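Below is the file protein_14.json, which contains JSON, C-alpha atoms.
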[["chain", "number", "residue", "atom", "x", "y", "z"],
["A", 1, "SER", "CA", 169.72, 138.23, 42.72],
["A", 2, "SER", "CA", 170.51, 137.98, 46.40],
["A", 3, "ALA", "CA", 171.89, 134.42, 46.04],
["A", 4, "VAL", "CA", 174.21, 135.46, 43.19],
["A", 5, "CYS", "CA", 175.47, 138.47, 45.14],
["A", 6, "GLN", "CA", 176.02, 136.33, 48.21],
["A", 7, "GLY", "CA", 178.03, 133.79, 46.21],
["A", 8, "ALA", "CA", 180.15, 136.55, 44.68],
["A", 9, "PHE", "CA", 180.74, 138.09, 48.11],
["A", 10, "GLN", "CA", 181.90, 134.75, 49.51],
["A", 11, "ARG", "CA", 184.25, 134.15, 46.55],
["A", 12, "ILE", "CA", 185.81, 137.58, 47.02],
["A", 13, "SER", "CA", 186.20, 137.11, 50.74],
["A", 14, "ARG", "CA", 187.73, 133.67, 50.24],
["A", 15, "SER", "CA", 190.24, 134.89, 47.67],
["A", 16, "ARG", "CA", 191.25, 137.81, 49.88],
["A", 17, "TYR", "CA", 191.33, 136.26, 53.34],
["A", 18, "GLY", "CA", 191.67, 132.54, 52.65],
["A", 19, "ARG", "CA", 188.32, 131.63, 54.27],
["A", 20, "PHE", "CA", 184.67, 132.56, 54.06],
["A", 21, "LEU", "CA", 183.62, 135.57, 56.09],
["A", 22, "PRO", "CA", 180.63, 135.15, 58.37],
["A", 23, "THR", "CA", 177.50, 136.61, 56.73],
["A", 24, "PRO", "CA", 174.77, 136.12, 59.35],
["A", 25, "ASN", "CA", 172.54, 138.83, 57.81],
["A", 26, "PHE", "CA", 173.48, 139.09, 54.15],
["A", 27, "GLN", "CA", 170.06, 140.48, 53.21],
["A", 28, "LEU", "CA", 170.71, 143.48, 55.44],
["A", 29, "LEU", "CA", 174.07, 144.08, 53.78],
["A", 30, "THR", "CA", 172.47, 143.85, 50.34],
["A", 31, "ALA", "CA", 169.73, 146.29, 51.29],
["A", 32, "SER", "CA", 172.28, 148.73, 52.69],
["A", 33, "ALA", "CA", 174.34, 148.54, 49.53],
["A", 34, "MET", "CA", 171.28, 149.13, 47.33],
["A", 35, "ALA", "CA", 170.39, 152.15, 49.46],
["A", 36, "GLY", "CA", 173.80, 153.67, 48.77],
["A", 37, "GLU", "CA", 175.27, 153.01, 52.19],
["A", 38, "GLY", "CA", 178.87, 151.92, 52.34],
["A", 39, "VAL", "CA", 179.55, 148.35, 53.34],
["A", 40, "VAL", "CA", 183.04, 147.53, 54.55],
["A", 41, "ALA", "CA", 184.00, 143.87, 54.64],
["A", 42, "GLY", "CA", 186.79, 142.97, 57.04],
["A", 43, "PRO", "CA", 188.35, 139.64, 57.89],
["A", 44, "ALA", "CA", 186.67, 137.40, 60.45],
["A", 45, "VAL", "CA", 187.97, 137.86, 63.97],
["A", 46, "HIS", "CA", 189.74, 134.54, 64.44],
["A", 47, "LYS", "CA", 193.18, 134.16, 65.91],
["A", 48, "PRO", "CA", 195.45, 132.02, 63.80],
["A", 49, "LYS", "CA", 196.76, 128.89, 65.50],
["A", 50, "GLY", "CA", 200.17, 130.41, 66.04],
["A", 51, "GLU", "CA", 198.70, 133.52, 67.67],
["A", 52, "GLN", "CA", 196.50, 131.81, 70.28],
["A", 53, "ASP", "CA", 196.92, 132.72, 73.91],
["A", 54, "VAL", "CA", 200.04, 131.02, 75.25],
["A", 55, "TRP", "CA", 199.96, 129.58, 78.73],
["A", 56, "PRO", "CA", 203.02, 130.33, 80.88],
["A", 57, "LEU", "CA", 205.30, 127.36, 81.19],
["A", 58, "TRP", "CA", 205.09, 127.37, 84.98],
["A", 59, "LYS", "CA", 201.30, 127.00, 84.85],
["A", 60, "LEU", "CA", 201.62, 124.05, 82.51],
["A", 61, "CYS", "CA", 204.16, 122.51, 84.88],
["A", 62, "LEU", "CA", 201.68, 122.88, 87.75],
["A", 63, "MET", "CA", 199.03, 121.16, 85.64],
["A", 64, "ALA", "CA", 201.47, 118.32, 84.93],
["A", 65, "LEU", "CA", 202.35, 117.94, 88.62],
["A", 66, "PRO", "CA", 199.58, 115.37, 89.38],
["A", 67, "GLN", "CA", 201.44, 112.93, 87.14],
["A", 68, "LEU", "CA", 203.96, 112.67, 89.97],
["A", 69, "GLY", "CA", 201.23, 111.38, 92.28],
["A", 70, "VAL", "CA", 199.97, 108.95, 89.65],
["A", 71, "GLN", "CA", 203.46, 107.55, 89.24],
["A", 72, "VAL", "CA", 203.85, 107.15, 93.02],
["A", 73, "LEU", "CA", 200.57, 105.24, 92.97],
["A", 74, "TRP", "CA", 201.85, 102.88, 90.28],
["A", 75, "CYS", "CA", 205.03, 102.29, 92.25],
["A", 76, "PHE", "CA", 203.04, 101.57, 95.40],
["A", 77, "ILE", "CA", 200.46, 99.12, 94.08],
["A", 78, "GLY", "CA", 202.92, 97.24, 91.86],
["A", 79, "PRO", "CA", 205.28, 95.76, 94.50],
["A", 80, "ASN", "CA", 202.58, 95.55, 97.21],
["A", 81, "SER", "CA", 199.86, 93.77, 95.27],
["A", 82, "ALA", "CA", 201.64, 90.39, 95.23],
["A", 83, "PRO", "CA", 202.17, 90.27, 99.03],
["A", 84, "TYR", "CA", 198.56, 91.30, 99.51],
["A", 85, "MET", "CA", 197.37, 88.51, 97.23],
["A", 86, "LEU", "CA", 199.57, 86.06, 99.11],
["A", 87, "HIS", "CA", 198.00, 87.28, 102.31],
["A", 88, "LEU", "CA", 194.55, 86.53, 100.87],
["A", 89, "GLY", "CA", 195.59, 82.99, 99.93],
["A", 90, "MET", "CA", 196.71, 83.21, 96.29],
["A", 91, "GLY", "CA", 199.64, 81.08, 95.18],
["A", 92, "PRO", "CA", 203.04, 82.73, 94.68],
["A", 93, "ALA", "CA", 203.10, 82.20, 90.92],
["A", 94, "LEU", "CA", 199.61, 83.61, 90.37],
["A", 95, "ALA", "CA", 200.23, 86.47, 92.79],
["A", 96, "THR", "CA", 203.22, 87.57, 90.71],
["A", 97, "LEU", "CA", 201.47, 86.94, 87.40],
["A", 98, "ASN", "CA", 198.60, 89.16, 88.51],
["A", 99, "ASN", "CA", 200.92, 92.16, 88.11],
["A", 100, "VAL", "CA", 200.56, 91.97, 84.33],
["A", 101, "ALA", "CA", 197.25, 93.77, 84.84],
["A", 102, "GLY", "CA", 198.93, 97.17, 84.53],
["A", 103, "PRO", "CA", 200.55, 96.72, 81.09],
["A", 104, "ILE", "CA", 197.60, 94.81, 79.63],
["A", 105, "THR", "CA", 194.91, 97.22, 80.79],
["A", 106, "GLY", "CA", 197.04, 100.21, 79.80],
["A", 107, "PHE", "CA", 197.49, 98.81, 76.28],
["A", 108, "PHE", "CA", 193.74, 98.79, 75.68],
["A", 109, "THR", "CA", 192.46, 101.49, 78.03],
["A", 110, "GLY", "CA", 194.82, 104.28, 76.95],
["A", 111, "PRO", "CA", 193.84, 104.45, 73.25],
["A", 112, "ILE", "CA", 190.13, 103.92, 73.99],
["A", 113, "VAL", "CA", 189.99, 106.64, 76.65],
["A", 114, "GLY", "CA", 192.10, 109.01, 74.54],
["A", 115, "ALA", "CA", 189.87, 108.59, 71.48],
["A", 116, "THR", "CA", 186.74, 108.95, 73.60],
["A", 117, "SER", "CA", 187.92, 112.17, 75.22],
["A", 118, "ASP", "CA", 188.95, 113.54, 71.81],
["A", 119, "GLY", "CA", 185.35, 113.47, 70.67],
["A", 120, "LEU", "CA", 183.76, 114.49, 73.95],
["A", 121, "THR", "CA", 181.74, 117.70, 73.98],
["A", 122, "SER", "CA", 181.02, 119.14, 77.40],
["A", 123, "ARG", "CA", 180.68, 122.53, 79.04],
["A", 124, "TRP", "CA", 183.69, 121.58, 81.20],
["A", 125, "GLY", "CA", 185.83, 120.60, 78.20],
["A", 126, "ARG", "CA", 186.65, 117.25, 76.70],
["A", 127, "ARG", "CA", 189.37, 116.13, 79.13],
["A", 128, "ARG", "CA", 188.25, 117.32, 82.57],
["A", 129, "PRO", "CA", 185.10, 115.16, 82.90],
["A", 130, "VAL", "CA", 187.11, 112.04, 82.06],
["A", 131, "ILE", "CA", 189.85, 113.02, 84.55],
["A", 132, "VAL", "CA", 187.27, 113.50, 87.33],
["A", 133, "ALA", "CA", 185.58, 110.21, 86.45],
["A", 134, "GLY", "CA", 188.94, 108.44, 86.55],
["A", 135, "LEU", "CA", 189.83, 110.02, 89.89],
["A", 136, "VAL", "CA", 186.54, 109.07, 91.56],
["A", 137, "SER", "CA", 186.55, 105.54, 90.13],
["A", 138, "THR", "CA", 190.18, 105.03, 91.20],
["A", 139, "TRP", "CA", 189.29, 106.06, 94.75],
["A", 140, "ILE", "CA", 186.30, 103.67, 94.84],
["A", 141, "ALA", "CA", 188.22, 100.76, 93.29],
["A", 142, "GLY", "CA", 191.15, 101.30, 95.65],
["A", 143, "MET", "CA", 188.88, 101.30, 98.69],
["A", 144, "LEU", "CA", 187.14, 98.10, 97.59],
["A", 145, "PHE", "CA", 190.42, 96.38, 96.73],
["A", 146, "SER", "CA", 192.04, 97.17, 100.06],
["A", 147, "ALA", "CA", 188.93, 96.31, 102.08],
["A", 148, "ALA", "CA", 188.30, 92.95, 100.44],
["A", 149, "GLU", "CA", 189.41, 90.90, 103.46],
["A", 150, "HIS", "CA", 187.14, 92.96, 105.73],
["A", 151, "MET", "CA", 184.10, 92.67, 103.47],
["A", 152, "PHE", "CA", 184.22, 88.97, 102.61],
["A", 153, "SER", "CA", 185.32, 85.67, 104.06],
["A", 154, "GLU", "CA", 188.84, 84.39, 103.48],
["A", 155, "GLY", "CA", 188.14, 82.51, 100.27],
["A", 156, "ALA", "CA", 185.68, 85.01, 98.81],
["A", 157, "ALA", "CA", 187.99, 87.95, 99.50],
["A", 158, "LEU", "CA", 190.57, 86.56, 97.10],
["A", 159, "PHE", "CA", 188.07, 86.14, 94.27],
["A", 160, "PHE", "CA", 186.90, 89.69, 94.84],
["A", 161, "ALA", "CA", 190.31, 91.36, 95.21],
["A", 162, "ALA", "CA", 191.93, 89.76, 92.14],
["A", 163, "PRO", "CA", 189.54, 91.21, 89.52],
["A", 164, "MET", "CA", 189.25, 94.43, 91.53],
["A", 165, "TYR", "CA", 193.00, 94.91, 91.08],
["A", 166, "TRP", "CA", 192.50, 94.81, 87.31],
["A", 167, "ILE", "CA", 189.60, 97.26, 87.58],
["A", 168, "MET", "CA", 191.76, 99.60, 89.65],
["A", 169, "ASP", "CA", 194.46, 99.52, 86.97],
["A", 170, "VAL", "CA", 191.84, 100.45, 84.38],
["A", 171, "THR", "CA", 190.65, 103.40, 86.46],
["A", 172, "ILE", "CA", 194.20, 104.70, 86.92],
["A", 173, "ASN", "CA", 194.68, 104.63, 83.15],
["A", 174, "ILE", "CA", 191.38, 106.50, 82.75],
["A", 175, "LEU", "CA", 192.78, 109.12, 85.12],
["A", 176, "GLN", "CA", 196.22, 109.63, 83.61],
["A", 177, "THR", "CA", 195.57, 109.38, 79.87],
["A", 178, "PRO", "CA", 193.37, 112.49, 79.40],
["A", 179, "HIS", "CA", 195.43, 114.39, 81.97],
["A", 180, "ARG", "CA", 198.49, 114.22, 79.78],
["A", 181, "ALA", "CA", 196.38, 115.05, 76.73],
["A", 182, "LEU", "CA", 194.95, 118.10, 78.52],
["A", 183, "VAL", "CA", 198.39, 119.60, 79.05],
["A", 184, "ALA", "CA", 199.24, 118.87, 75.41],
["A", 185, "ASP", "CA", 196.03, 120.63, 74.34],
["A", 186, "LEU", "CA", 196.89, 123.77, 76.31],
["A", 187, "ALA", "CA", 200.56, 123.92, 75.34],
["A", 188, "SER", "CA", 201.57, 125.86, 72.26],
["A", 189, "GLU", "CA", 203.53, 124.25, 69.45],
["A", 190, "SER", "CA", 206.84, 125.46, 70.88],
["A", 191, "GLN", "CA", 205.90, 124.17, 74.36],
["A", 192, "GLN", "CA", 205.09, 120.61, 73.31],
["A", 193, "LEU", "CA", 208.64, 119.27, 73.62],
["A", 194, "PRO", "CA", 209.44, 121.01, 76.95],
["A", 195, "MET", "CA", 206.20, 119.72, 78.45],
["A", 196, "GLN", "CA", 206.97, 116.15, 77.42],
["A", 197, "VAL", "CA", 210.31, 116.54, 79.18],
["A", 198, "VAL", "CA", 208.48, 117.88, 82.25],
["A", 199, "PHE", "CA", 206.17, 114.86, 82.24],
["A", 200, "VAL", "CA", 209.10, 112.46, 82.05],
["A", 201, "PHE", "CA", 210.83, 114.34, 84.88],
["A", 202, "PHE", "CA", 207.74, 114.08, 87.10],
["A", 203, "MET", "CA", 207.44, 110.37, 86.28],
["A", 204, "ALA", "CA", 211.06, 109.79, 87.22],
["A", 205, "LEU", "CA", 210.64, 111.81, 90.42],
["A", 206, "GLY", "CA", 207.50, 109.82, 91.22],
["A", 207, "ASN", "CA", 209.42, 106.56, 90.72],
["A", 208, "PHE", "CA", 212.14, 107.79, 93.05],
["A", 209, "ILE", "CA", 209.64, 108.77, 95.74],
["A", 210, "GLY", "CA", 207.57, 105.63, 95.31],
["A", 211, "PHE", "CA", 210.50, 103.25, 95.68],
["A", 212, "SER", "CA", 212.23, 105.24, 98.44]]
Spit out the file's structure as structure tokens when you get a sec.
Amino acid sequence: SSAVCQGAFQRISRSRYGRFLPTPNFQLLTASAMAGEGVVAGPAVHKPKGEQDVWPLWKLCLMALPQLGVQVLWCFIGPNSAPYMLHLGMGPALATLNNVAGPITGFFTGPIVGATSDGLTSRWGRRRPVIVAGLVSTWIAGMLFSAAEHMFSEGAALFFAAPMYWIMDVTINILQTPHRALVADLASESQQLPMQVVFVFFMALGNFIGFS
């Protein structure tokens, strides 16, 4: 029967090529074979993982370049947030303690955003929509944080700016986490280690520029 022939065909193809061959119209193949026409089965056209298109290293470095800007941003908001909070009326101890927002939000936001982008299905890819969302939300949160004293009275501005600083740290983590994963997705197996070195170099360069 057709089902038996199809099962035999799949077993042969699996033993020969290590995977099932696509048989979108097996009835047509069966009819052709019964009519005496030759049927040639070839392997499915899939590139093995090691033979996928390899991006040039310089293109990957250009894609990793925005990490430099993200690192400059971290270096800018870290030392300047405490003086800004003091300016709004927060006590010195709390103004300094508020800087723990970066490590705490990064500890939770990074894994959550990474896992979410891993399972995202979109016509623009799984990383790019999250990167754009992080970029736009960082811009909005930064504008609201910096304009707190112009939007509210002296006391209310402090209660608005303090949580907004935490929100801004969350948005920056949303921006940078899938960006690094995107470069790792595009890099081949042999490019993984060099690209991690490139990322660390850009982070160090960003720290140098940010604190200069």
> So which residues touch Asn98 of chain A within 8 Å, counting all atoms listed in the file, skipping near sequence neighbours fewer than 3 positions away, as a list in words?
Replying inline: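 Result of the neighbour search: Ala82, Leu94, Ala95, Ala101 and Ala162 of chain A.
For segment 168-182 of chain A, the set of protein, DNA and RNA residues having any atom at most 7 Å away, when counting all atoms listed in the file and skipping those fewer than 6 positions along the same chain, is Ala101, Gly102, Thr105, Gly106, Thr109, Gly110, Val113, Gly114, Ser117, Arg127, Val130, Ile131, Gly134, Leu135, Ser137, Thr138, Ala141 and Gly142 of chain A.
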> Which residue out of A:Gln191, A:Pro129, A:Leu57, A:Ala157 has the minimum interatomic distance to Thr116 of chain A when only C-alpha atoms are used?
Replying inline: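 Once distances to Thr116 of chain A are computed over only C-alpha atoms, the minimum belongs to A:Pro129.
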>> As an exercise, work out the distance from atom CA of Leu88 of chain A to atom CA of Leu158 of chain A in Å and give it to one decimal place.
In response: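 These two atoms are separated by 5.5 Å.
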>> List as a list in words the protein and nucleic acid residues near Gly155 of chain A, meaning an atom at most 12 Å away when all atoms listed in the file are counted, but skip any in the same chain fewer than 3 places from it.
In response: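 The neighbour list is Met85, His87, Leu88, Gly89, Met90, Ala148, Glu149, His150, Met151, Phe152, Leu158, Phe159, Phe160, Ala161 and Ala162 of chain A.
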> What gap, in Å, lies between atom CA of Phe199 of chain A and atom CA of Trp55 of chain A?
Replying inline: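 These atoms are spaced 16.4 Å apart.
Distance-wise, atom CA of Ser190 of chain A and atom CA of Val132 of chain A end up 28.2 Å apart.
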>> Restricting the calculation to all atoms listed in the file: of A:Pro194, A:Pro103, A:Gly125, A:Gly91, which residue gets closest to Leu60 of chain A?
In response: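 Smallest distance to Leu60 of chain A is found for A:Pro194.
Residue nearest Met164 of chain A within the list A:Met63, A:Phe211, A:Ile140, A:Leu186: A:Ile140 [criterion: smallest interatomic distance, only C-alpha atoms].
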Output, as JSON, the centre and edge lengths in Å (one decimal) of the axis-aligned box that contains all listed atoms of segment 120-135 of chain A with 4 Å of margin on each side.
{"center_x": 185.3, "center_y": 115.5, "center_z": 81.9, "size_x": 17.2, "size_y": 22.1, "size_z": 23.9}
